[in-house]
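In what follows, a structure is listed as structure tokens, so that the remarks can point back to it.
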Amino acid sequence: MFVDKINLTLLSGSGGSGSISFSSKSSKTSPNGASGGNGGSIILKTRKDLFDFSHIYSKSIFKAENGGDASKNLQSGKNAGDLVIEVPLGTSIFDDEGLISVLLHENEELLLLEGGKGGAGNKDLKSKRNPNPGIAEQGQRRFKKEVRLDLSLITDIAILGLPNSGKSTLIKKITNSNAKTDSYPFTTISPNLGVLESLNSKYTICDLPGLIKGAATGVGLGKSILKHLMNTKVLIFLLDPSNTELNIDEQIKLLEDEIFAYEKKLRQLPVLKVINKSDLSNKPNGMINISALEGLGIDKLLEKIDELNISSLKALNKSYLRTDLNKNEFTIENTTQNYWEVFGHEVDRITNLIGNEIDVFNEISYRFENSDISAELKLLGVNNGSTIKLGKFEFIYE
Ligand SMILES: Nc1nc2c(ncn2[C@@H]2O[C@H](COP(=O)(O)OP(=O)(O)OP(=O)(O)O)[C@@H](O)[C@H]2O)c(=O)[nH]1
Ligand SMILES: [Mg+2]
């Protein structure tokens, strides 16, 4: 089964907790609690010999391991390994806010979800403010993300045409593909890939399901066909003179209208207009005439493909990466007058402490005062005397 769309739930690993301990070699004690290990991150990595998501289709939840807790006396927790999910070239990644990234290159890596950081032990929390802290950070909680992966195949040439025009017969004739062909429309329901070898070059080529009127708005297999054109460099319009409903010009117009309605930029791709089934009728028409079934005109077609110098051409899609990934986020809600509640990972960073109560309170106050949350609350005009709720902590703003 060809799977070119998949939804995944990703859970990174949480960080291990730091420890609280003291060495007391001399009369002075000093903090020596070590840090927890980092939780595993989730990374997407492209692999050249993958052509869809069927290898991960049966698994929709990916969970990285947690970092280890620190032990006392300088013994750090173990960092967890990252979880790498392999995907084909041409994978786009979306979340509810839209496109996150498009991966087009071999062995390209995307750090999609960072693991929770290991918590600092009291050794690393030592400061001028508190030279002997009785506190440690708990590990940062795991992050969760729902993503959709969508594949647009990376190929040199895509064969487009109405149902039954002979697209699969052509790819079978000119490549190693074993595409299914038949005399009824919509024989092909997912792309077939093949490698075409001409005298000069090698090309990857794909045979797509038949396109019909309204495809750009989702009729037939519509958009799931057209999306594959974003990563191809040349189009072959395969035209069928035996089509009783639309003549050659009408077929060209339908194909042009649909790809243009899907994405205006697709008009920039070079198009080879090829008339198939010329064994049935052979009227002069100024286009490339072939018979995919009987192998007529194939040499001429390969010559025309070579002339396009495809290796110098570019597909429309570009690599893309949204830059706001993995930031420490927070949201502020003004639930009732003078009551402000703050949620999110930035809150955890500030409040994620265990140990001596007074030290914990002082450290949270310090972190809060120096945080983006505090700056944002100021901008929002929070009045002195208001209550601020940060996770499980509540305090009066002044
Ligand atoms: N006479 C003749 N018949 C052809 C030729 N090429 C394909 N056919 C026939 O046309 C019919 C459709 O061929 P396919 O290759 O399955 O067509 P397709 O464009 O892939 O069709 P869909 O996948 O349904 O869109 C089959 O019966 C083929 O044998 C040709 O050059 N000459
Ligand atoms: Mg077909």
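As shown in the structure tokens, the chain order sets the letters A, B, ...; within each chain, residues go from 1, and ligands are also counted from 1 in the order they appear.
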
Show me, as JSON lines, the residues of segment 66-149 of chain A having an atom within 9 Å of segment 345-369 of chain A, each with the closest atom pair and its distance in Å, using only C-alpha atoms.
{"residue": "A:Gly119", "atom": "CA", "partner": "A:Asn352", "partner_atom": "CA", "distance": 8.3}
{"residue": "A:Asn130", "atom": "CA", "partner": "A:Asp359", "partner_atom": "CA", "distance": 8.1}
{"residue": "A:Pro133", "atom": "CA", "partner": "A:Asp359", "partner_atom": "CA", "distance": 6.6}
{"residue": "A:Gly134", "atom": "CA", "partner": "A:Asn356", "partner_atom": "CA", "distance": 5.3}
{"residue": "A:Ile135", "atom": "CA", "partner": "A:Gly355", "partner_atom": "CA", "distance": 4.3}
{"residue": "A:Ala136", "atom": "CA", "partner": "A:Ile354", "partner_atom": "CA", "distance": 5.5}
{"residue": "A:Glu137", "atom": "CA", "partner": "A:Leu353", "partner_atom": "CA", "distance": 4.4}
{"residue": "A:Gln138", "atom": "CA", "partner": "A:Asn352", "partner_atom": "CA", "distance": 5.5}
{"residue": "A:Gly139", "atom": "CA", "partner": "A:Asn352", "partner_atom": "CA", "distance": 7.5}
{"residue": "A:Gln140", "atom": "CA", "partner": "A:Arg349", "partner_atom": "CA", "distance": 7.0}
{"residue": "A:Arg141", "atom": "CA", "partner": "A:Asp348", "partner_atom": "CA", "distance": 7.8}
{"residue": "A:Phe143", "atom": "CA", "partner": "A:His345", "partner_atom": "CA", "distance": 8.6}

Quiz prompt | Residue list (strand (DSSP E), DSSP) for segment 145-201 of chain A, as number ranges by chain | solution = A: 145-151, 157-160, 192-197

Self-check item: segment 165-268 of chain A: residues DSSP assigns to helix (DSSP H, G or I), reported as number ranges by chain
Solution: A: 167-174, 215-217, 222-231, 248-262, 264-268

Quiz item: In Å, with one decimal, what is the gap from atom CA of Ser152 of chain A to atom CA of Leu246 of chain A?
Solution: 28.9 Å

Exercise. Tell me, as a list in words, which residues lie within 12 Å of Leu380 of chain A, counting only C-alpha atoms; anything in the same chain fewer than 4 positions away does not count.
Key: Ile332, Glu333, Asn334, Asn338, Trp340, Ile373, Ser374, Ala375 and Glu376 of chain A

Residues from the last selection, N, CA, C and O atoms, saved as a PDB file, in the first residue's frame:
ATOM      1  N   ILE A 332      -0.898  33.598  28.770  1.00  0.00           N
ATOM      2  CA  ILE A 332      -1.378  34.271  29.981  1.00  0.00           C
ATOM      3  C   ILE A 332      -2.885  34.451  29.863  1.00  0.00           C
ATOM      4  O   ILE A 332      -3.365  34.905  28.828  1.00  0.00           O
ATOM      5  N   GLU A 333      -3.598  34.062  30.879  1.00  0.00           N
ATOM      6  CA  GLU A 333      -5.054  34.264  30.872  1.00  0.00           C
ATOM      7  C   GLU A 333      -5.458  35.132  32.038  1.00  0.00           C
ATOM      8  O   GLU A 333      -5.090  34.870  33.183  1.00  0.00           O
ATOM      9  N   ASN A 334      -6.234  36.178  31.731  1.00  0.00           N
ATOM     10  CA  ASN A 334      -6.737  37.073  32.774  1.00  0.00           C
ATOM     11  C   ASN A 334      -8.149  36.580  33.110  1.00  0.00           C
ATOM     12  O   ASN A 334      -9.131  37.073  32.628  1.00  0.00           O
ATOM     13  N   ASN A 338      -7.878  41.146  38.155  1.00  0.00           N
ATOM     14  CA  ASN A 338      -6.761  41.002  39.099  1.00  0.00           C
ATOM     15  C   ASN A 338      -6.367  39.558  39.411  1.00  0.00           C
ATOM     16  O   ASN A 338      -5.780  39.272  40.454  1.00  0.00           O
ATOM     17  N   TRP A 340      -4.414  36.502  37.318  1.00  0.00           N
ATOM     18  CA  TRP A 340      -3.716  36.174  36.071  1.00  0.00           C
ATOM     19  C   TRP A 340      -3.116  34.777  36.191  1.00  0.00           C
ATOM     20  O   TRP A 340      -2.350  34.514  37.119  1.00  0.00           O
ATOM     21  N   ILE A 373       7.832  36.143  31.020  1.00  0.00           N
ATOM     22  CA  ILE A 373       6.463  36.195  31.541  1.00  0.00           C
ATOM     23  C   ILE A 373       6.255  37.487  32.326  1.00  0.00           C
ATOM     24  O   ILE A 373       5.275  38.199  32.147  1.00  0.00           O
ATOM     25  N   SER A 374       7.237  37.801  33.165  1.00  0.00           N
ATOM     26  CA  SER A 374       7.131  39.009  33.971  1.00  0.00           C
ATOM     27  C   SER A 374       7.081  40.244  33.062  1.00  0.00           C
ATOM     28  O   SER A 374       6.265  41.149  33.261  1.00  0.00           O
ATOM     29  N   ALA A 375       7.928  40.261  32.027  1.00  0.00           N
ATOM     30  CA  ALA A 375       7.952  41.389  31.087  1.00  0.00           C
ATOM     31  C   ALA A 375       6.597  41.522  30.387  1.00  0.00           C
ATOM     32  O   ALA A 375       6.066  42.630  30.225  1.00  0.00           O
ATOM     33  N   GLU A 376       6.039  40.407  30.010  1.00  0.00           N
ATOM     34  CA  GLU A 376       4.756  40.415  29.298  1.00  0.00           C
ATOM     35  C   GLU A 376       3.626  40.904  30.231  1.00  0.00           C
ATOM     36  O   GLU A 376       2.765  41.680  29.824  1.00  0.00           O
TER      37      GLU A 376
END

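Coordinates place atom CA of Lys48 of chain A at a distance of 23.3 Å from atom CA of Ile189 of chain A.
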
Self-check item: Of the listed residues A:Ile154, A:Ile174, A:Leu110, A:Leu221, that which approaches Asp49 of chain A most closely, counting only C-alpha atoms
Solution: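 Checking each of A:Ile154, A:Ile174, A:Leu110, A:Leu221 against Asp49 of chain A, counting only C-alpha atoms, the winner is A:Ile154.
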
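Candidate residues A:Lys314, A:Lys273, A:Arg148, A:Lys128 were compared for distance to Leu238 of chain A, and the nearest is A:Lys273, using only C-alpha atoms.
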
Self-check item: Surrounding residues of Glu245 of chain A excluding itself and chain neighbours under 5 positions, 12 Å, only C-alpha atoms, as a list in words
Solution: Leu162, Pro163, Ile212, Asp240, Glu250 and Gln251 of chain A

Export of the given selection (N, CA, C and O atoms) as a PDB file, in the first residue's frame:
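Generated file (again13.pdb):
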ATOM      1  N   LEU A 162      -5.596  12.297 -18.858  1.00  0.00           N
ATOM      2  CA  LEU A 162      -6.923  11.866 -18.425  1.00  0.00           C
ATOM      3  C   LEU A 162      -6.883  10.366 -18.145  1.00  0.00           C
ATOM      4  O   LEU A 162      -5.953   9.676 -18.587  1.00  0.00           O
ATOM      5  N   PRO A 163      -7.881   9.839 -17.443  1.00  0.00           N
ATOM      6  CA  PRO A 163      -7.918   8.391 -17.209  1.00  0.00           C
ATOM      7  C   PRO A 163      -7.869   7.638 -18.541  1.00  0.00           C
ATOM      8  O   PRO A 163      -8.430   8.110 -19.535  1.00  0.00           O
ATOM      9  N   ILE A 212      -9.145  14.437 -13.766  1.00  0.00           N
ATOM     10  CA  ILE A 212     -10.420  14.798 -14.386  1.00  0.00           C
ATOM     11  C   ILE A 212     -10.810  16.218 -14.004  1.00  0.00           C
ATOM     12  O   ILE A 212     -10.177  16.819 -13.134  1.00  0.00           O
ATOM     13  N   ASP A 240      -4.864  11.457 -25.553  1.00  0.00           N
ATOM     14  CA  ASP A 240      -5.470  10.225 -26.089  1.00  0.00           C
ATOM     15  C   ASP A 240      -6.436  10.544 -27.233  1.00  0.00           C
ATOM     16  O   ASP A 240      -7.543  11.047 -26.986  1.00  0.00           O
ATOM     17  N   GLU A 250      -8.929  19.973 -26.158  1.00  0.00           N
ATOM     18  CA  GLU A 250      -9.736  20.043 -24.925  1.00  0.00           C
ATOM     19  C   GLU A 250      -9.039  19.310 -23.769  1.00  0.00           C
ATOM     20  O   GLU A 250      -9.119  19.728 -22.604  1.00  0.00           O
ATOM     21  N   GLN A 251      -8.343  18.233 -24.085  1.00  0.00           N
ATOM     22  CA  GLN A 251      -7.590  17.525 -23.034  1.00  0.00           C
ATOM     23  C   GLN A 251      -6.474  18.419 -22.495  1.00  0.00           C
ATOM     24  O   GLN A 251      -6.262  18.511 -21.278  1.00  0.00           O
TER      25      GLN A 251
END

Quiz prompt | Between atom CA of Lys392 of chain A and atom CA of Ala70 of chain A, distance in Å (one decimal) | solution =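 Result for atom CA of Lys392 of chain A versus atom CA of Ala70 of chain A: 24.2 Å, one decimal.
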